[in-house]
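S.K.: File upload32.cif below, mmCIF, C-alpha atoms:
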data_protein
#
loop_
_atom_site.label_atom_id
_atom_site.label_comp_id
_atom_site.auth_asym_id
_atom_site.auth_seq_id
_atom_site.Cartn_x
_atom_site.Cartn_y
_atom_site.Cartn_z
CA MET A 211 143.11 120.45 108.18
CA ILE A 212 144.70 120.23 104.73
CA TYR A 213 142.34 118.59 102.24
CA SER A 214 143.41 115.27 100.81
CA LYS A 215 141.65 112.45 99.03
CA GLU A 216 142.40 110.21 102.01
CA ASN A 217 140.77 112.64 104.43
CA ALA A 218 137.73 112.85 102.16
CA ARG A 219 137.42 109.06 102.10
CA CYS A 220 137.53 108.91 105.89
CA LYS A 221 134.45 111.15 106.05
CA MET A 222 132.71 109.51 103.11
CA LYS A 223 129.43 107.82 103.96
CA LYS A 224 129.29 104.16 103.00
CA ARG A 225 126.04 102.81 101.67
CA VAL A 226 124.78 99.70 99.85
CA ILE A 227 121.70 99.65 97.63
CA LEU A 228 120.60 96.04 96.99
CA ILE A 229 117.87 95.61 94.35
CA VAL A 230 116.13 92.24 94.06
CA LEU A 231 114.52 91.62 90.66
CA ASP A 232 112.07 89.17 92.17
CA SER A 233 112.39 85.79 90.40
CA ALA A 234 114.86 86.87 87.67
CA GLY A 235 117.03 83.74 87.75
CA ILE A 236 120.01 83.22 85.44
CA GLY A 237 119.94 79.44 84.86
CA GLU A 238 119.19 76.09 86.47
CA MET A 239 121.18 74.91 89.47
CA PRO A 240 122.71 71.40 89.39
CA ASP A 241 119.88 70.02 91.54
CA ALA A 242 117.09 71.72 89.56
CA ALA A 243 115.70 68.38 88.38
CA ASP A 244 115.00 67.43 92.01
CA PHE A 245 112.60 70.37 92.10
CA GLY A 246 111.05 69.64 88.71
CA ASP A 247 112.91 72.59 87.17
CA ALA A 248 115.36 71.02 84.71
CA GLY A 249 116.03 73.44 81.87
CA SER A 250 114.76 76.53 83.67
CA ASN A 251 116.54 79.78 82.86
CA THR A 252 114.42 82.86 83.43
CA PHE A 253 116.66 85.42 81.71
CA GLY A 254 117.98 83.04 79.07
CA ASN A 255 114.73 81.39 78.04
CA ILE A 256 112.91 84.70 77.80
CA TYR A 257 115.61 85.83 75.38
CA LYS A 258 115.46 82.58 73.40
CA VAL A 259 111.67 82.47 73.11
CA ARG A 260 111.26 86.15 72.39
CA GLY A 261 114.31 86.44 70.15
CA LYS A 262 115.43 89.69 71.76
CA LEU A 263 115.88 91.34 75.15
CA ASN A 264 116.84 95.00 75.09
CA ILE A 265 118.79 95.45 78.34
CA PRO A 266 121.89 97.45 77.33
CA ASN A 267 122.54 98.89 80.79
CA MET A 268 122.56 95.55 82.60
CA THR A 269 124.63 94.19 79.73
CA ARG A 270 127.22 96.92 80.34
CA LEU A 271 127.27 95.85 83.99
CA GLY A 272 128.11 92.31 82.87
CA ILE A 273 124.92 90.24 82.97
CA ALA A 274 125.58 88.66 79.56
CA ASP A 275 129.10 87.68 80.63
CA ILE A 276 128.02 85.76 83.73
CA ASP A 277 129.26 82.16 83.48
CA GLY A 278 126.70 80.10 81.57
CA SER A 279 124.65 83.07 80.38
CA VAL A 280 123.10 82.68 76.92
CA LEU A 281 122.49 86.40 76.47
CA PRO A 282 124.44 88.17 73.70
CA LYS A 283 127.78 89.35 75.06
CA THR A 284 128.54 93.03 75.30
CA ALA A 285 130.61 94.49 72.48
CA GLY A 286 131.92 97.30 74.67
CA GLU A 287 133.52 97.81 78.05
CA ILE A 288 132.01 96.08 81.06
CA VAL A 289 131.67 98.77 83.73
CA GLY A 290 130.62 96.61 86.67
CA CYS A 291 131.47 93.37 88.46
CA TYR A 292 129.38 90.31 87.68
CA GLY A 293 128.74 86.73 88.76
CA LYS A 294 126.04 84.40 90.02
CA CYS A 295 125.11 82.84 93.35
CA ALA A 296 123.90 79.35 94.23
CA GLU A 297 121.31 78.87 96.96
CA LEU A 298 122.62 76.82 99.87
CA THR A 299 119.15 76.36 101.37
CA ARG A 300 117.28 73.49 99.71
CA ALA A 301 114.46 75.72 98.58
CA LYS A 302 113.29 78.14 95.91
CA ASP A 303 110.98 80.49 97.76
CA THR A 304 111.03 84.19 98.51
CA THR A 305 111.61 83.93 102.25
CA CYS A 306 114.53 81.50 102.09
CA GLY A 307 116.11 83.46 99.25
CA HIS A 308 115.96 86.82 101.01
CA TRP A 309 117.02 85.43 104.37
CA GLU A 310 120.03 83.74 102.78
CA MET A 311 121.16 86.88 100.95
CA ALA A 312 120.82 88.65 104.33
CA GLY A 313 123.29 86.20 105.81
CA TYR A 314 121.12 83.36 107.12
CA ALA A 315 120.92 80.08 105.19
CA MET A 316 118.38 77.70 106.72
CA ASP A 317 119.50 74.18 107.60
CA GLU A 318 116.03 72.82 106.81
CA PRO A 319 113.67 74.50 104.34
CA PHE A 320 110.04 75.30 105.06
CA LYS A 321 107.43 72.58 104.50
CA THR A 322 105.48 72.38 101.23
CA TYR A 323 102.05 70.84 100.60
CA PRO A 324 101.84 69.35 97.08
CA ASN A 325 98.59 67.56 97.99
CA GLY A 326 96.99 70.41 99.90
CA PHE A 327 96.77 70.91 103.66
CA PRO A 328 95.72 68.12 106.06
CA ARG A 329 92.00 67.88 106.75
CA SER A 330 92.67 67.95 110.50
CA PHE A 331 94.39 71.31 110.12
CA LEU A 332 91.60 72.75 107.96
CA ASP A 333 88.93 71.60 110.40
CA GLU A 334 90.58 73.58 113.17
CA TYR A 335 91.19 76.55 110.89
CA GLU A 336 87.55 76.68 109.80
CA LYS A 337 86.45 76.55 113.43
CA ARG A 338 88.71 79.48 114.32
CA ILE A 339 87.71 81.73 111.39
CA GLY A 340 84.02 80.85 111.60
CA ARG A 341 83.71 79.91 107.92
CA GLY A 342 84.27 76.87 105.73
CA VAL A 343 86.92 77.04 103.01
CA ILE A 344 87.09 75.90 99.40
CA GLY A 345 90.02 74.98 97.17
CA ASN A 346 92.83 73.44 99.23
CA CYS A 347 94.99 72.56 96.26
CA VAL A 348 98.13 73.61 94.40
CA ALA A 349 97.02 76.30 91.97
CA SER A 350 97.83 79.46 90.08
CA GLY A 351 96.35 82.35 92.00
CA THR A 352 94.99 84.08 88.93
CA GLN A 353 93.36 80.89 87.66
CA ILE A 354 91.82 79.66 90.87
CA ILE A 355 89.83 82.86 91.43
CA GLN A 356 88.29 82.41 87.96
CA GLU A 357 87.47 78.78 88.72
CA LEU A 358 86.16 79.23 92.27
CA GLY A 359 85.30 82.93 92.40
CA ASP A 360 81.60 82.48 91.75
CA GLU A 361 81.32 79.76 94.40
CA HIS A 362 83.17 81.98 96.87
CA VAL A 363 80.86 84.92 96.20
CA ARG A 364 77.80 82.68 96.58
CA THR A 365 78.90 80.89 99.77
CA GLY A 366 81.21 83.40 101.44
CA LYS A 367 83.83 80.68 101.86
CA PRO A 368 87.42 81.91 101.32
CA ILE A 369 89.58 80.17 98.75
CA VAL A 370 92.60 78.42 100.27
CA TYR A 371 95.44 77.26 98.03
CA THR A 372 99.19 76.72 97.91
CA SER A 373 101.94 76.26 95.32
CA ALA A 374 105.22 74.41 94.95
CA ASP A 375 106.54 76.90 97.50
CA SER A 376 105.91 77.01 101.22
CA VAL A 377 102.82 79.23 101.23
CA PHE A 378 99.27 79.24 102.58
CA GLN A 379 97.25 81.65 100.46
CA VAL A 380 93.76 82.94 101.23
CA ALA A 381 91.84 84.60 98.41
CA ALA A 382 88.63 86.54 99.00
CA HIS A 383 86.50 89.10 97.17
CA GLU A 384 86.85 92.48 98.85
CA GLU A 385 83.05 92.98 98.84
CA VAL A 386 82.36 89.52 100.28
CA ILE A 387 85.03 89.39 102.98
CA PRO A 388 86.29 92.87 103.94
CA LEU A 389 90.05 93.37 103.95
CA ALA A 390 90.21 93.64 107.74
CA GLU A 391 88.53 90.25 108.12
CA LEU A 392 90.70 88.66 105.43
CA TYR A 393 93.81 89.95 107.16
CA GLU A 394 92.57 88.56 110.47
CA MET A 395 92.02 85.15 108.83
CA CYS A 396 95.62 85.24 107.65
CA LYS A 397 96.88 86.18 111.11
CA ILE A 398 95.07 83.14 112.51
CA ALA A 399 96.63 80.89 109.86
CA ARG A 400 100.05 82.35 110.64
CA GLU A 401 99.63 81.47 114.32
CA MET A 402 98.66 77.91 113.40
CA LEU A 403 101.24 77.13 110.71
CA VAL A 404 104.22 76.49 112.96
CA GLY A 405 105.91 73.41 114.38
CA GLU A 406 105.13 70.31 112.32
CA ASN A 407 103.02 72.46 109.96
CA LEU A 408 105.71 75.13 109.50
CA VAL A 409 105.02 77.30 106.45
CA GLY A 410 107.18 80.16 105.22
CA ARG A 411 104.46 82.67 104.35
CA VAL A 412 100.75 83.20 104.69
CA ILE A 413 99.46 85.54 101.99
CA ALA A 414 96.19 87.47 101.78
CA ARG A 415 95.05 87.58 98.14
CA PRO A 416 92.08 89.96 97.78
CA PHE A 417 90.30 90.30 94.45
CA VAL A 418 87.39 92.12 92.80
CA GLY A 419 85.06 91.56 89.85
CA GLY A 420 82.13 89.26 89.17
CA ASP A 421 80.44 86.61 87.02
CA GLY A 422 83.54 84.52 86.44
CA ASN A 423 85.75 87.50 85.62
CA TYR A 424 87.91 88.37 88.62
CA THR A 425 91.06 90.43 89.12
CA ARG A 426 93.46 90.48 92.04
CA THR A 427 94.03 93.84 93.72
CA GLU A 428 97.21 95.37 95.12
CA ASN A 429 95.95 94.92 98.70
CA ARG A 430 97.95 91.73 99.06
CA LYS A 431 99.52 91.28 102.49
CA ASP A 432 102.22 88.81 103.49
CA TYR A 433 102.56 87.21 106.90
CA ALA A 434 106.02 85.75 107.23
CA LEU A 435 108.01 84.45 110.16
CA ALA A 436 110.79 86.37 111.84
CA PRO A 437 114.18 84.86 110.91
CA PHE A 438 115.25 82.20 113.39
CA LYS A 439 118.76 83.67 113.56
CA GLU A 440 120.07 87.21 113.45
CA THR A 441 120.44 88.59 109.94
CA VAL A 442 122.68 91.33 108.59
CA LEU A 443 119.69 93.68 108.83
CA GLU A 444 119.38 93.24 112.59
CA ALA A 445 123.13 93.45 113.10
CA LEU A 446 123.29 96.75 111.21
CA ASP A 447 120.31 98.11 113.13
CA LYS A 448 122.02 97.28 116.43
CA ARG A 449 124.96 99.41 115.29
CA GLY A 450 122.66 102.35 114.71
CA LEU A 451 122.77 102.12 110.91
CA GLU A 452 119.58 102.85 109.00
CA VAL A 453 118.15 99.89 107.08
CA VAL A 454 115.54 100.96 104.53
CA GLY A 455 113.13 98.33 103.20
CA VAL A 456 111.39 99.05 99.89
CA GLY A 457 108.51 96.86 98.70
CA LYS A 458 107.76 93.68 100.65
CA ILE A 459 111.10 93.58 102.52
CA GLU A 460 109.44 94.44 105.84
CA ASP A 461 107.02 91.52 105.42
CA ILE A 462 109.74 89.02 104.53
CA PHE A 463 111.72 89.91 107.65
CA CYS A 464 108.74 90.68 109.92
CA ASN A 465 110.29 94.13 110.40
CA LYS A 466 113.30 92.61 112.20
CA GLY A 467 116.14 94.99 111.48
CA VAL A 468 114.13 97.17 109.06
CA THR A 469 114.23 100.69 110.51
CA THR A 470 112.56 102.63 107.68
CA VAL A 471 109.81 101.31 105.38
CA ASP A 472 108.45 102.32 102.01
CA HIS A 473 105.93 99.59 101.25
CA THR A 474 105.66 100.10 97.50
CA ARG A 475 103.30 97.68 95.75
CA ASN A 476 104.66 97.43 92.20
CA ASN A 477 107.76 97.92 90.09
CA HIS A 478 106.87 101.46 89.04
CA THR A 479 106.58 102.82 92.57
CA GLY A 480 109.47 100.64 93.76
CA MET A 481 111.83 102.04 91.13
CA ALA A 482 110.67 105.58 91.83
CA SER A 483 111.35 105.09 95.53
CA THR A 484 114.80 103.66 94.79
CA VAL A 485 115.74 106.61 92.58
CA ARG A 486 114.54 109.01 95.29
CA LEU A 487 116.43 107.22 98.07
CA ILE A 488 119.65 107.06 96.06
CA GLY A 489 119.44 110.75 95.26
CA SER A 490 118.69 111.77 98.85
CA GLY A 491 121.57 109.82 100.33
CA GLN A 492 119.23 108.25 102.89
CA GLY A 493 120.06 105.00 104.68
CA SER A 494 123.13 102.84 105.07
CA PHE A 495 121.54 99.72 103.61
CA VAL A 496 118.70 100.17 101.13
CA PHE A 497 117.07 96.79 100.44
CA VAL A 498 114.62 96.81 97.51
CA ASN A 499 112.26 94.14 96.21
CA LEU A 500 110.63 94.67 92.79
CA VAL A 501 107.76 92.20 92.85
CA ASP A 502 106.08 92.50 89.42
CA PHE A 503 108.55 90.21 87.62
CA ASP A 504 107.36 87.33 89.80
CA MET A 505 103.78 88.25 90.69
CA LEU A 506 102.52 89.57 87.36
CA TYR A 507 104.64 87.76 84.79
CA GLY A 508 106.56 84.74 86.07
CA HIS A 509 103.63 83.05 87.80
CA ARG A 510 101.38 83.85 84.84
CA ASN A 511 103.83 82.51 82.22
CA ASN A 512 103.70 85.92 80.54
CA VAL A 513 106.94 85.96 78.54
CA GLU A 514 106.29 89.26 76.80
CA GLY A 515 105.23 91.02 80.00
CA TYR A 516 108.31 89.72 81.85
CA ALA A 517 110.61 90.85 79.04
CA GLU A 518 109.03 94.30 78.93
CA ALA A 519 109.37 94.63 82.71
CA LEU A 520 113.08 93.77 82.49
CA GLU A 521 113.48 96.32 79.71
CA GLU A 522 111.63 98.95 81.73
CA PHE A 523 113.92 98.37 84.72
CA ASP A 524 116.95 98.54 82.47
CA ALA A 525 115.76 101.83 80.95
CA ARG A 526 115.49 103.34 84.43
CA LEU A 527 118.81 101.95 85.62
CA PRO A 528 120.80 105.05 84.53
CA GLU A 529 118.66 107.17 86.89
CA MET A 530 119.93 104.99 89.70
CA THR A 531 123.57 104.75 88.68
CA GLU A 532 123.89 108.45 87.92
CA GLY A 533 122.55 109.35 91.36
CA LEU A 534 125.10 107.22 93.25
CA LYS A 535 127.33 108.99 95.78
CA GLU A 536 131.06 108.40 96.18
CA GLY A 537 130.61 105.77 98.88
CA ASP A 538 127.64 103.96 97.34
CA ILE A 539 127.69 100.39 96.08
CA LEU A 540 124.77 99.24 93.93
CA MET A 541 124.00 95.51 93.75
CA ILE A 542 121.38 93.91 91.51
CA THR A 543 120.28 90.32 92.06
CA ALA A 544 117.23 88.02 92.39
CA ASP A 545 115.87 85.62 95.03
CA HIS A 546 115.05 82.55 92.86
CA GLY A 547 113.77 81.94 89.34
CA CYS A 548 110.27 81.85 87.85
CA ASP A 549 110.78 80.91 84.22
CA PRO A 550 107.67 82.01 82.29
CA THR A 551 108.54 79.82 79.30
CA THR A 552 108.04 76.48 81.09
CA PRO A 553 104.69 74.73 81.72
CA SER A 554 105.08 75.33 85.46
CA THR A 555 103.71 78.53 86.97
CA ASP A 556 105.82 78.12 90.12
CA HIS A 557 109.25 79.35 91.15
CA SER A 558 112.25 77.60 89.62
CA ARG A 559 115.47 76.43 91.26
CA GLU A 560 118.02 78.72 89.61
CA TYR A 561 121.22 80.61 90.20
CA ILE A 562 120.66 84.30 90.81
CA PRO A 563 122.58 87.00 88.90
CA LEU A 564 124.93 89.32 90.75
CA LEU A 565 125.80 92.73 89.32
CA VAL A 566 127.82 95.29 91.29
CA TYR A 567 128.51 98.92 90.39
CA GLY A 568 129.78 102.09 92.04
CA LYS A 569 132.21 104.96 91.73
CA ARG A 570 134.82 103.00 93.71
CA VAL A 571 133.93 99.59 92.24
CA LYS A 572 136.30 97.93 89.77
CA LYS A 573 135.29 97.33 86.19
CA GLY A 574 134.98 94.00 84.44
CA VAL A 575 135.66 91.69 87.40
CA ASN A 576 134.13 88.22 87.07
CA LEU A 577 133.05 87.16 90.56
CA GLY A 578 132.40 83.63 89.32
CA THR A 579 129.87 81.28 90.85
CA ARG A 580 129.34 81.99 94.53
CA LYS A 581 128.51 79.04 96.80
CA THR A 582 125.72 80.84 98.65
CA PHE A 583 123.47 83.89 98.46
CA ALA A 584 124.96 84.74 101.88
CA ASP A 585 128.08 86.06 100.12
CA ILE A 586 125.97 89.13 99.35
CA GLY A 587 125.13 89.74 103.00
CA ALA A 588 128.72 89.09 104.05
CA THR A 589 129.92 91.73 101.60
CA VAL A 590 127.31 94.27 102.71
CA TYR A 591 128.25 93.71 106.35
CA GLU A 592 131.99 93.97 105.79
CA TYR A 593 131.65 97.15 103.74
CA LEU A 594 129.43 98.91 106.27
CA THR A 595 131.09 97.69 109.48
CA GLY A 596 134.60 96.48 108.61
CA GLU A 597 133.83 93.13 110.24
CA THR A 598 133.32 89.55 109.03
CA TRP A 599 129.84 88.01 108.92
CA ARG A 600 129.30 84.48 110.26
CA GLU A 601 128.04 82.99 106.97
CA GLY A 602 129.16 83.39 103.38
CA THR A 603 132.38 84.78 101.93
CA SER A 604 132.68 88.49 101.29
CA PHE A 605 133.82 89.55 97.82
CA LEU A 606 134.54 93.12 98.96
CA THR A 607 138.27 93.01 98.25
CA ASP A 608 137.54 91.71 94.76
CA ILE A 609 135.32 94.64 93.83
CA LEU A 610 136.76 97.73 95.52
CA GLU A 611 139.46 99.91 94.02
CA GLY A 612 142.49 100.25 96.28
#
Using structure tokens, write down the structure that the file contains.

M.R.:
Amino acid sequence: MIYSKENARCKMKKRVILIVLDSAGIGEMPDAADFGDAGSNTFGNIYKVRGKLNIPNMTRLGIADIDGSVLPKTAGEIVGCYGKCAELTRAKDTTCGHWEMAGYAMDEPFKTYPNGFPRSFLDEYEKRIGRGVIGNCVASGTQIIQELGDEHVRTGKPIVYTSADSVFQVAAHEEVIPLAELYEMCKIAREMLVGENLVGRVIARPFVGGDGNYTRTENRKDYALAPFKETVLEALDKRGLEVVGVGKIEDIFCNKGVTTVDHTRNNHTGMASTVRLIGSGQGSFVFVNLVDFDMLYGHRNNVEGYAEALEEFDARLPEMTEGLKEGDILMITADHGCDPTTPSTDHSREYIPLLVYGKRVKKGVNLGTRKTFADIGATVYEYLTGETWREGTSFLTDILEG
């Protein structure tokens, strides 16, 4: 066969690498006030409060030129496509955000518990785990272990708490309640929190330390629900395409459609895994969650730490872009906001940024404001299969060179 560029393209492997900067929102949505999040802008407010944000590589991809962005515009050429997505689901939690970007927007969001969980539920839960519980309030996870840690150590009662999101969190000292028992407690809660008590995630929050000075460990474990409808991940798996989940992706989707797992526990290992996967050419859809932005900095209102984490990701971005193959498309986004500059320590109802880059991706295209996160999943699905997804509007023709 005579070589031609067209023949080469026919044999070219198509792949999408989707990186979620967990909680890195780009500005309040129109209904943010309904969620108590008026004025939230994770990227923008970090820049305003800190006075600087050194992210030249994301800036070259177009993040500062997203509609409504307050970041300093790039002085040079924009080498990627850029835009932002609204969340169709009336929520601002991890599960809803990831499910929607995977092509499934929920009609009704998960239930939240601003006043704690019903006593009738807790009575049954305590009976099933064989221990009483303490807490049962909306709280910051790092604060509540300082406040109730000593009581927990003394009594052996796990700390139960929630947030503005749909979560049931169980915190326990690793030397008081062994990890295996804590995980079993969370499995029991997961079985119970369905139907009228439907909760998006149950989270095990182990910690260590003593005498009022406690620190959470990286042995966190999430217990989510399987999506109630088929997602892009499952559809790709059914076609025999490899879906690689990095970070907590497997937990968010209960392994539905995730064929290969690298359960990294922080940004450093998550970025290292992403660089390795890009370089190896593995997978058709590589779905990455970088959790530290949210877990370590957003929820703790740590502006400086959040900014430094964004700068660290940006500094490593060239390792990812330079390793891309001919048929690779790199997307960078978020799943909600978690503005560390506001009094709240919870997630914020924000647009998510959308940056797209690749050897065959156009330069400088403004993708505007997308109506749903599902546009991301629709684009992934069309690129990898040539078919239309049931939800969202693909922007594939807008980004690909002819």

S.K.: Which of these residues is nearest to A:Thr531, using all atoms listed in the file: A:Gly290, A:Gly596, A:Gly340, A:Gly326?

M.R.: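 So, comparing all the options, the nearest one is A:Gly290.
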
S.K.: Once the PyMOL selection byres ((chain A and resi 274) around 10) has been applied to the shown file, what residues remain in the selection, as an MDAnalysis selection string?

M.R.: chainID A and resid 236 253:254 265:266 268:273 275:284 288 292:293 563

S.K.: Atoms to include: C-alpha atoms. Write the selected residues as a compact mmCIF listing (two decimals), keeping the file's coordinate frame.

M.R.:
# COMPACT_ATOMS: atom_id res chain seq x y z
CA ILE A 236 120.01 83.22 85.44
CA PHE A 253 116.66 85.42 81.71
CA GLY A 254 117.98 83.04 79.07
CA ILE A 265 118.79 95.45 78.34
CA PRO A 266 121.89 97.45 77.33
CA MET A 268 122.56 95.55 82.60
CA THR A 269 124.63 94.19 79.73
CA ARG A 270 127.22 96.92 80.34
CA LEU A 271 127.27 95.85 83.99
CA GLY A 272 128.11 92.31 82.87
CA ILE A 273 124.92 90.24 82.97
CA ASP A 275 129.10 87.68 80.63
CA ILE A 276 128.02 85.76 83.73
CA ASP A 277 129.26 82.16 83.48
CA GLY A 278 126.70 80.10 81.57
CA SER A 279 124.65 83.07 80.38
CA VAL A 280 123.10 82.68 76.92
CA LEU A 281 122.49 86.40 76.47
CA PRO A 282 124.44 88.17 73.70
CA LYS A 283 127.78 89.35 75.06
CA THR A 284 128.54 93.03 75.30
CA ILE A 288 132.01 96.08 81.06
CA TYR A 292 129.38 90.31 87.68
CA GLY A 293 128.74 86.73 88.76
CA PRO A 563 122.58 87.00 88.90

S.K.: How would you write, as a ChimeraX atom specification, the residues chosen by the PyMOL selection byres ((chain A and resi 478-488) around 7) on this structure?

M.R.: /A:456-457,474-477,489-492,500,529-530,533-534

S.K.: Write to file, as a PDB file, in the coordinates of the input, the residues of the selection just made, with C-alpha atoms.

M.R.:
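Result file again15.pdb:
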ATOM      1  CA  VAL A 456     111.390  99.050  99.890  1.00  0.00           C
ATOM      2  CA  GLY A 457     108.510  96.860  98.700  1.00  0.00           C
ATOM      3  CA  THR A 474     105.660 100.100  97.500  1.00  0.00           C
ATOM      4  CA  ARG A 475     103.300  97.680  95.750  1.00  0.00           C
ATOM      5  CA  ASN A 476     104.660  97.430  92.200  1.00  0.00           C
ATOM      6  CA  ASN A 477     107.760  97.920  90.090  1.00  0.00           C
ATOM      7  CA  GLY A 489     119.440 110.750  95.260  1.00  0.00           C
ATOM      8  CA  SER A 490     118.690 111.770  98.850  1.00  0.00           C
ATOM      9  CA  GLY A 491     121.570 109.820 100.330  1.00  0.00           C
ATOM     10  CA  GLN A 492     119.230 108.250 102.890  1.00  0.00           C
ATOM     11  CA  LEU A 500     110.630  94.670  92.790  1.00  0.00           C
ATOM     12  CA  GLU A 529     118.660 107.170  86.890  1.00  0.00           C
ATOM     13  CA  MET A 530     119.930 104.990  89.700  1.00  0.00           C
ATOM     14  CA  GLY A 533     122.550 109.350  91.360  1.00  0.00           C
ATOM     15  CA  LEU A 534     125.100 107.220  93.250  1.00  0.00           C
TER      16      LEU A 534
END

S.K.: If we count all atoms listed in the file and set the cut-off at 7 Å, which residues sit around stretch 341-354 of chain A, ignoring sequence neighbours fewer than 5 positions away in its own chain? Please answer as a PDB file with C-alpha atoms, in the coordinates of the input.

M.R.:
ATOM      1  CA  PRO A 324     101.840  69.350  97.080  1.00  0.00           C
ATOM      2  CA  ASN A 325      98.590  67.560  97.990  1.00  0.00           C
ATOM      3  CA  GLY A 326      96.990  70.410  99.900  1.00  0.00           C
ATOM      4  CA  PHE A 327      96.770  70.910 103.660  1.00  0.00           C
ATOM      5  CA  GLU A 336      87.550  76.680 109.800  1.00  0.00           C
ATOM      6  CA  LYS A 367      83.830  80.680 101.860  1.00  0.00           C
ATOM      7  CA  PRO A 368      87.420  81.910 101.320  1.00  0.00           C
ATOM      8  CA  ILE A 369      89.580  80.170  98.750  1.00  0.00           C
ATOM      9  CA  VAL A 370      92.600  78.420 100.270  1.00  0.00           C
ATOM     10  CA  TYR A 371      95.440  77.260  98.030  1.00  0.00           C
ATOM     11  CA  THR A 372      99.190  76.720  97.910  1.00  0.00           C
ATOM     12  CA  SER A 373     101.940  76.260  95.320  1.00  0.00           C
ATOM     13  CA  THR A 555     103.710  78.530  86.970  1.00  0.00           C
TER      14      THR A 555
END

S.K.: Counting all atoms listed in the file, select every polymer residue within 12 Å of (107.8, 82.1, 71.5) as defined in the file's coordinates, and provide the selection as a list in words.

M.R.: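 Residues found, by chain and rising number: Asn255, Ile256, Tyr257, Lys258, Val259, Arg260, Gly261, Lys262, Asn511, Asn512, Val513, Glu514, Ala517, Pro550, Thr551 and Thr552 of chain A.
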
S.K.: Quick check, in Å to one decimal: how far apart do atom CA of A:Val571 and atom CA of A:Thr595 lie?

M.R.: 17.6 Å

S.K.: As an exercise, work out the distance from atom CA of A:Val468 to atom CA of A:Leu446 in Å and give it to one decimal place.

M.R.: 9.4 Å

S.K.: May I have the protein, DNA and RNA residues with an atom at most 12 Å from (119.4, 102.4, 109.8), counting all atoms listed in the file in the file's coordinates, returned as a count of residues only?

M.R.: 29

S.K.: Applying the PyMOL selection byres ((chain A and resi 429) around 10) to the file I just gave you, which residues come out? Please list them as a list of chain:residue names.

M.R.: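 On the file shown, the PyMOL selection byres ((chain A and resi 429) around 10) covers A:Glu384, A:Leu389, A:Ala414, A:Arg415, A:Pro416, A:Phe417, A:Arg426, A:Thr427, A:Glu428, A:Arg430, A:Lys431, A:Asp432, A:Arg475.
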
S.K.: Compare A:Ala248, A:Ile542, A:Ala588, A:Leu506 by their minimum atom-to-atom distance to A:Gly602, counting all atoms listed in the file, and give me the closest one.

M.R.: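 For A:Gly602, the nearest of the given residues is A:Ala588.
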
S.K.: Could you jot down the atom CA of A:Arg600 to atom CA of A:Arg580 separation for me, Å, one decimal place?

M.R.: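 It comes out at 15.9 Å.
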
S.K.: For a quick check of understanding, using only C-alpha atoms, which of A:Glu334, A:Asp461, A:Glu601, A:Asp317 has the smallest distance to A:Ala584?

M.R.: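 Answer, going by the shortest atom-to-atom distance: A:Glu601.
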
S.K.: Can you work out which one of A:Ala243, A:Ile586, A:Val363, A:Leu520 has the shortest atom-to-atom distance to A:Val386, counting all atoms listed in the file?

M.R.: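 Smallest separation from A:Val386 among the options: A:Val363.
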